[in-house]
Amino acid sequence: MAKRFMYMNTKAPYGTVYALESLEVVLIGAAFEQDVSLAFIGDGVYQLLKGQDTQGIGMKNFSPTYAALGDYDVNKIYVEKESLEERGLSLDDLQHLVWEDEDEDWAEKDSIRLVSRSELADVIDDQDVVLSF
Amino acid sequence: MKFTVQVNEGPYQHQASDTAYHFTKAALEKGHEIFRVFFYHDGVNNGTRLTTPPQDDRNITQRWSELAEKHNLDMVVCIAAAQRRGLLDEDEAKRQGKDANNIAEGFRISGLGQLIEAGIESDRLVTFGG
């Protein structure tokens with residue numbers, strides 16, 4: 001039986017390597033056909049910002065990879081509402097992440113689920129394995 | 001209970017590796033099974049045999065190696081994280097055309113799939129640091 005894996009992203013994308021190395025685990029993990037969720041909390045919400053430009057810091061911009069997650073059947077992406085608000089951000093500031101539902105004639109659906117802190121706590125409670133980055 | 005331990009921080013800089021070691025040792029002494037110890041992020045630096053701490057301090061790498069030998073522990077260093085940080089075994093050094101390798105006794109280099117598999121196979125995956 002598949003286990004519920006959650007990848008918890010808590011840090012801004014370029015200040016440390018955690019965001020990039022979290023993404024590497026997610027991509028490898030997708031091959032194992034488990035029930036996968038991603039969560040973005042705290043400064044982790046900055047990972048999903050659209051229009052990232054890393055030229056000035058000389059680092060690779062890996063943010064386009066998030067848009068590919070739907071193709072890996074990674075389509076439950078929880079973003080904590082309070083974390084966005086605390087940083088003066090809203091859903092409009094994030095990439096529009098979608099996936100195609102095979103069971104509904106490949107209808108395009110939103111991957112991002114905006115949840116409150118207490119709703120997210122319930123989601124975390126339901127997981128079997130939580131990997132925090 | 002069957003545990004997997006994930007170590008996300010390097011030695012000495014951060015207490016995570018020490019705590020992970022003490023947790024692993026205590027779990028084994030209580031009769032639990034450690035399915036795997038997986039080293040990720042800067043945690044891969046726990047696996048370099050070139051570590052040379054002052055004599056009056058603990059030798060973190062050697063301590064892991066000894067624990068692995070005593071309990072036949074499976075200690076896996078993530079290959080992608082290791083390559084970024086200059087940690088190589090003999091095969092990888094050859095493949096990458098490097099003039100040396102530095103992996104310590106009891107550690108092996110493998111892929112992130114080993115972490116996911118460990119999460120599937122273990123009752124609990126306990127992470128330290130990060």
# chains A, B, ... in the order shown; residues from 1 in each chain; ligands from 1

call {"tool": "select_by_dssp", "arguments": {"residues": "stretch 6-126 of chain B", "states": "alpha helix (DSSP H)", "output": "PyMOL selection string"}}
result
chain B and resi 16-29+60-71+79-84+90-95+113-121

call {"tool": "closest_atom_pairs", "arguments": {"of": "chain A", "to": "chain B", "cutoff": "9 Å", "atoms": "only C-alpha atoms", "output": "Markdown table"}}
result
| residue | atom | partner | partner_atom | distance |
| --- | --- | --- | --- | --- |
| A:Ala2 | CA | B:Ile120 | CA | 8.1 |
| A:Lys3 | CA | B:Ile120 | CA | 6.6 |
| A:Phe5 | CA | B:Gly119 | CA | 8.4 |
| A:Val17 | CA | B:His41 | CA | 7.6 |
| A:Tyr18 | CA | B:His41 | CA | 7.2 |
| A:Glu21 | CA | B:His41 | CA | 7.2 |
| A:Glu24 | CA | B:Leu112 | CA | 8.1 |
| A:Val25 | CA | B:Leu112 | CA | 6.2 |
| A:Ile28 | CA | B:Gly113 | CA | 6.3 |
| A:Gly29 | CA | B:Ile116 | CA | 5.9 |
| A:Ala31 | CA | B:Gly113 | CA | 8.6 |
| A:Phe32 | CA | B:Ile116 | CA | 7.6 |
| A:Gln34 | CA | B:Ile120 | CA | 8.7 |
| A:Asp128 | CA | B:Arg124 | CA | 8.3 |
| A:Val129 | CA | B:Gly119 | CA | 6.5 |
| A:Val130 | CA | B:Leu125 | CA | 8.0 |
| A:Leu131 | CA | B:Thr127 | CA | 7.4 |
| A:Ser132 | CA | B:Gly130 | CA | 7.0 |
| A:Phe133 | CA | B:Gly130 | CA | 5.7 |

call {"tool": "residues_around", "arguments": {"residues": "B:Tyr12", "least_positions_apart": "2", "cutoff": "12 Å", "atoms": "only C-alpha atoms", "output": "ChimeraX atom specification"}}
result
/B:9-10,14-19,42-43,45-46,51-54,57-61

call {"tool": "residues_around", "arguments": {"residues": "A:Ser116", "least_positions_apart": "4", "cutoff": "12 Å", "atoms": "only C-alpha atoms", "output": "list in words"}}
result
Ala39, Phe40, Ile41, Tyr78, Val79, Glu80, Lys81, Glu82, Ser83, Leu84, Glu85, Leu120, Ala121, Asp122 and Val123 of chain A

call {"tool": "write_last_selection", "arguments": {"atoms": "C-alpha atoms", "output": "PDB file, in the first residue's frame"}}
result
ATOM      1  CA  ALA A  39       3.761  21.970   1.770  1.00  0.00           C
ATOM      2  CA  PHE A  40       5.207  25.457   1.691  1.00  0.00           C
ATOM      3  CA  ILE A  41       5.315  27.325   4.985  1.00  0.00           C
ATOM      4  CA  TYR A  78      -0.322  23.054   0.078  1.00  0.00           C
ATOM      5  CA  VAL A  79       0.541  26.694   0.658  1.00  0.00           C
ATOM      6  CA  GLU A  80      -0.071  28.125   4.092  1.00  0.00           C
ATOM      7  CA  LYS A  81      -2.263  31.209   3.937  1.00  0.00           C
ATOM      8  CA  GLU A  82      -0.825  32.904   7.028  1.00  0.00           C
ATOM      9  CA  SER A  83       2.728  32.510   5.730  1.00  0.00           C
ATOM     10  CA  LEU A  84       1.787  34.328   2.531  1.00  0.00           C
ATOM     11  CA  GLU A  85      -0.030  37.093   4.401  1.00  0.00           C
ATOM     12  CA  LEU A 120      -2.409  22.315   7.292  1.00  0.00           C
ATOM     13  CA  ALA A 121      -1.850  20.876  10.749  1.00  0.00           C
ATOM     14  CA  ASP A 122      -4.629  18.368  10.028  1.00  0.00           C
ATOM     15  CA  VAL A 123      -3.076  17.476   6.659  1.00  0.00           C
TER      16      VAL A 123
END

call {"tool": "select_by_dssp", "arguments": {"residues": "chain A", "states": "strand (DSSP E or B)", "output": "NGL selection string"}}
result
:A and (4-9 or 35-40 or 49 or 77-80 or 94 or 98-101 or 107-110 or 112-115 or 129-132)

call {"tool": "closest_residue", "arguments": {"among": "B:Lys30, B:His22, B:Phe39, B:Gln55", "to": "B:Asp74", "atoms": "only C-alpha atoms"}}
result
B:Phe39

call {"tool": "residues_around", "arguments": {"residues": "stretch 60-62 of chain A", "least_positions_apart": "2", "cutoff": "12 Å", "atoms": "only C-alpha atoms", "output": "mmCIF file with C-alpha atoms, in the first residue's frame"}}
result
data_model
loop_
_atom_site.group_PDB
_atom_site.id
_atom_site.type_symbol
_atom_site.label_atom_id
_atom_site.label_comp_id
_atom_site.auth_asym_id
_atom_site.auth_seq_id
_atom_site.Cartn_x
_atom_site.Cartn_y
_atom_site.Cartn_z
ATOM 1 C CA PRO A 13 15.065 29.271 -2.288
ATOM 2 C CA TYR A 14 18.642 30.531 -2.695
ATOM 3 C CA VAL A 17 20.582 24.652 -0.568
ATOM 4 C CA ALA A 19 14.966 24.107 -1.388
ATOM 5 C CA LEU A 20 16.952 22.737 -4.328
ATOM 6 C CA GLU A 21 17.837 19.511 -2.553
ATOM 7 C CA SER A 22 14.225 19.099 -1.444
ATOM 8 C CA LEU A 23 13.131 19.326 -5.061
ATOM 9 C CA GLU A 24 15.663 16.628 -5.969
ATOM 10 C CA GLN A 47 10.170 29.158 -3.486
ATOM 11 C CA LEU A 48 6.966 29.387 -5.528
ATOM 12 C CA LEU A 49 7.197 33.082 -6.432
ATOM 13 C CA LYS A 50 6.751 33.727 -10.124
ATOM 14 C CA GLY A 51 9.203 35.745 -12.154
ATOM 15 C CA GLN A 52 12.315 34.639 -10.307
ATOM 16 C CA ASP A 53 15.537 35.996 -11.800
ATOM 17 C CA THR A 54 18.788 34.708 -10.346
ATOM 18 C CA GLN A 55 21.167 36.367 -12.785
ATOM 19 C CA GLY A 56 22.361 38.867 -10.197
ATOM 20 C CA ILE A 57 23.448 36.159 -7.737
ATOM 21 C CA GLY A 58 24.997 33.827 -10.313
ATOM 22 C CA PRO A 64 10.685 26.379 -13.551
ATOM 23 C CA THR A 65 10.947 22.841 -12.143
ATOM 24 C CA TYR A 66 7.913 23.441 -9.917
ATOM 25 C CA ALA A 67 5.766 23.833 -13.030
ATOM 26 C CA ALA A 68 6.834 20.346 -14.146
#
